[in-house]
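Data first, discussion second: the structure below is written as structure tokens.
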Amino acid sequence: MKGWELRAARRKAGLTLRDVARAAGTSESNVSAYERGSKRPSAATSERLHAALAVGRTSPIHANTLLTVPAAAASLRFGLRRSWATVDLLRIVRELVSNAAWVKTDADVAAFFARPSTTGDERWDAMLAGVVENLSLKTGRPVPEWTAGHALHQLWFVGSVAALDAYALAHTPPSLRVRGVVVDEDSLESV
């Protein structure tokens, strides 16, 4: 899709640059540059942009400003670059898990669970892949292909106190445990 076609599709959908950028996990300036044709999106970014446009303005993704998987990856990347504490990064994951309950239609699923850019940290990439697989299995949806291959070489005990490692390991969802991410499932749920 050419830049002017992207702009026309965005306007036809009644979406702002901010709406599309947030849902696709990129910046407004990038979306603007794609629309002007001064920058070309990667294939993965183009796929995320199209998915964010396809759902339309009335989708809960836009109407409720849901944190999508691409947006969560972008937020985690931002936090990691600023050395946020693990507890603050886990809040992003909890928001993602909570927001998944709003996703109902196939178009919403495609936009919400679109392949994200890397967080810049293989541990958090594995966390996102495991969380998405866990959410997909819980809801009976197909697991997105992009989740494959995100596994750590050694166990990562996320925010766990050493005395509670065995408990965390026993209560970690299988889709995270097989990736080497050890986190009590309750730590991924909003209260």
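Chain identifiers are assigned as A, B, and so on, following the order in which chains appear in the structure tokens; residues are numbered from 1 within each chain, and ligands are numbered from 1 in order of appearance.
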Selection: 7 Å around A:Asn134, only C-alpha atoms, excl. self and same-chain fewer than 4 positions, as JSON, numbers by chain: {"A": [130, 138, 175]}
Please produce a file of those selected residues containing N, CA and C atoms, as an mmCIF file, in the first residue's frame.
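Everything below was put into out38.cif:
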data_model
loop_
_atom_site.group_PDB
_atom_site.id
_atom_site.type_symbol
_atom_site.label_atom_id
_atom_site.label_comp_id
_atom_site.auth_asym_id
_atom_site.auth_seq_id
_atom_site.Cartn_x
_atom_site.Cartn_y
_atom_site.Cartn_z
ATOM 1 N N GLY A 130 4.958 -16.075 25.452
ATOM 2 C CA GLY A 130 4.307 -17.019 26.358
ATOM 3 C C GLY A 130 2.946 -16.539 26.822
ATOM 4 N N LYS A 138 -6.297 -20.304 26.376
ATOM 5 C CA LYS A 138 -7.418 -20.129 27.303
ATOM 6 C C LYS A 138 -8.724 -19.803 26.575
ATOM 7 N N SER A 175 2.887 -22.414 28.979
ATOM 8 C CA SER A 175 3.365 -21.680 27.806
ATOM 9 C C SER A 175 4.499 -20.716 28.152
#
Applying 12 Å and only C-alpha atoms, which residues near A:Asp106 remain after dropping the ones on its own chain fewer than 3 positions away? List them as JSON, numbers by chain. {"A": [51, 54, 55, 59, 103, 109, 110, 111, 112, 113, 114, 141, 142]}
For C-alpha atoms, I'd like the residues from the last selection saved as a PDB file, in the first residue's frame.
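File written: part.pdb
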ATOM      1  CA  ALA A  51      -4.643  -4.681  10.994  1.00  0.00           C
ATOM      2  CA  ALA A  54      -9.053  -2.916   9.384  1.00  0.00           C
ATOM      3  CA  VAL A  55     -10.787  -2.988  12.772  1.00  0.00           C
ATOM      4  CA  SER A  59     -13.409  -1.524  17.596  1.00  0.00           C
ATOM      5  CA  VAL A 103     -11.094  -8.757  21.880  1.00  0.00           C
ATOM      6  CA  VAL A 109      -7.762 -10.607  17.191  1.00  0.00           C
ATOM      7  CA  ALA A 110      -5.541  -9.924  14.164  1.00  0.00           C
ATOM      8  CA  ALA A 111      -4.810  -6.369  15.309  1.00  0.00           C
ATOM      9  CA  PHE A 112      -4.483  -7.141  19.021  1.00  0.00           C
ATOM     10  CA  PHE A 113      -2.196 -10.180  18.628  1.00  0.00           C
ATOM     11  CA  ALA A 114      -0.174  -8.902  15.640  1.00  0.00           C
ATOM     12  CA  ARG A 141      -7.991 -19.251  19.535  1.00  0.00           C
ATOM     13  CA  PRO A 142      -5.131 -20.388  17.316  1.00  0.00           C
TER      14      PRO A 142
END
Neighbouring residues of A:Ser190 were defined as those with any atom within 10 Å, considering only C-alpha atoms; residues of the same chain fewer than 4 positions away were excluded. Please report them as a list in words. Arg91, Val93, Arg94, Glu95, Leu96, Val97, Ser98 and Asp186 of chain A
Could you pull the residues within 8 Å of A:Leu155, counting only C-alpha atoms, minus those fewer than 6 positions along the same chain, as a PyMOL selection string? chain A and resi 180-182
Leaving out A:Gly159 and any residue of its chain fewer than 2 positions from it, which residues lie within 12 Å of it when counting only C-alpha atoms, given as a tab-separated table (two decimals) with N, CA and C atoms, in the first residue's frame?
chain	number	residue	atom	x	y	z
A	85	ALA	N	11.87	-0.63	36.80
A	85	ALA	CA	11.88	-1.82	37.66
A	85	ALA	C	10.99	-2.90	37.05
A	86	THR	N	11.30	-4.15	37.38
A	86	THR	CA	10.53	-5.28	36.88
A	86	THR	C	9.05	-5.15	37.23
A	87	VAL	N	8.75	-4.67	38.41
A	87	VAL	CA	7.36	-4.53	38.83
A	87	VAL	C	6.61	-3.56	37.91
A	88	ASP	N	7.28	-2.53	37.44
A	88	ASP	CA	6.64	-1.57	36.53
A	88	ASP	C	6.45	-2.18	35.14
A	89	LEU	N	7.40	-2.97	34.70
A	89	LEU	CA	7.27	-3.64	33.41
A	89	LEU	C	6.17	-4.71	33.45
A	90	LEU	N	6.04	-5.37	34.59
A	90	LEU	CA	4.96	-6.35	34.74
A	90	LEU	C	3.58	-5.71	34.68
A	156	TRP	N	14.41	-17.82	33.86
A	156	TRP	CA	14.35	-16.44	34.32
A	156	TRP	C	13.23	-16.35	35.35
A	157	PHE	N	13.60	-16.17	36.61
A	157	PHE	CA	12.62	-16.03	37.68
A	157	PHE	C	12.25	-14.55	37.76
A	161	VAL	N	11.31	-13.87	44.76
A	161	VAL	CA	12.26	-13.95	45.86
A	161	VAL	C	12.78	-15.38	45.85
A	162	ALA	N	14.07	-15.57	46.04
A	162	ALA	CA	14.67	-16.89	45.94
A	162	ALA	C	13.92	-17.94	46.75
A	163	ALA	N	13.42	-17.58	47.91
A	163	ALA	CA	12.70	-18.53	48.75
A	163	ALA	C	11.38	-18.98	48.12
A	164	LEU	N	10.88	-18.20	47.16
A	164	LEU	CA	9.61	-18.53	46.52
A	164	LEU	C	9.77	-19.07	45.10
A	165	ASP	N	11.00	-19.34	44.67
A	165	ASP	CA	11.25	-19.82	43.32
A	165	ASP	C	10.50	-21.11	43.02
A	168	ALA	N	6.86	-20.32	42.48
A	168	ALA	CA	6.67	-19.65	41.19
A	168	ALA	C	6.77	-20.65	40.05
A	181	VAL	N	10.53	-18.80	31.19
A	181	VAL	CA	10.04	-17.65	31.95
A	181	VAL	C	9.25	-18.19	33.14
A	182	VAL	N	9.70	-17.88	34.34
A	182	VAL	CA	9.06	-18.38	35.55
A	182	VAL	C	8.42	-17.20	36.28
A	183	VAL	N	7.08	-17.23	36.29
A	183	VAL	CA	6.31	-16.18	36.95
A	183	VAL	C	4.97	-16.77	37.38
A	184	ASP	N	4.62	-16.57	38.60
A	184	ASP	CA	3.34	-17.03	39.13
A	184	ASP	C	2.23	-16.41	38.28
A	187	SER	N	0.62	-13.21	39.20
A	187	SER	CA	1.38	-11.97	38.97
A	187	SER	C	1.06	-11.32	37.63
A	188	LEU	N	0.37	-12.08	36.76
A	188	LEU	CA	0.01	-11.57	35.43
A	188	LEU	C	-1.42	-11.09	35.37
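Taking atom CA of A:Ala166 as the reference point, atom CA of A:Asp121 is found at 24.4 Å.
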Mind dumping a table of every stretch 68-91 of chain A residue within 7 Å of stretch 10-25 of chain A, with the nearest atom pair and its distance in Å to one decimal, using only C-alpha atoms, sorted by chain and rising number, as a Markdown table?
| residue | atom | partner | partner_atom | distance |
| --- | --- | --- | --- | --- |
| A:Thr68 | CA | A:Ala23 | CA | 5.9 |
| A:Pro70 | CA | A:Gly25 | CA | 4.5 |
| A:Ala71 | CA | A:Gly25 | CA | 3.9 |
| A:Ala74 | CA | A:Gly25 | CA | 5.5 |
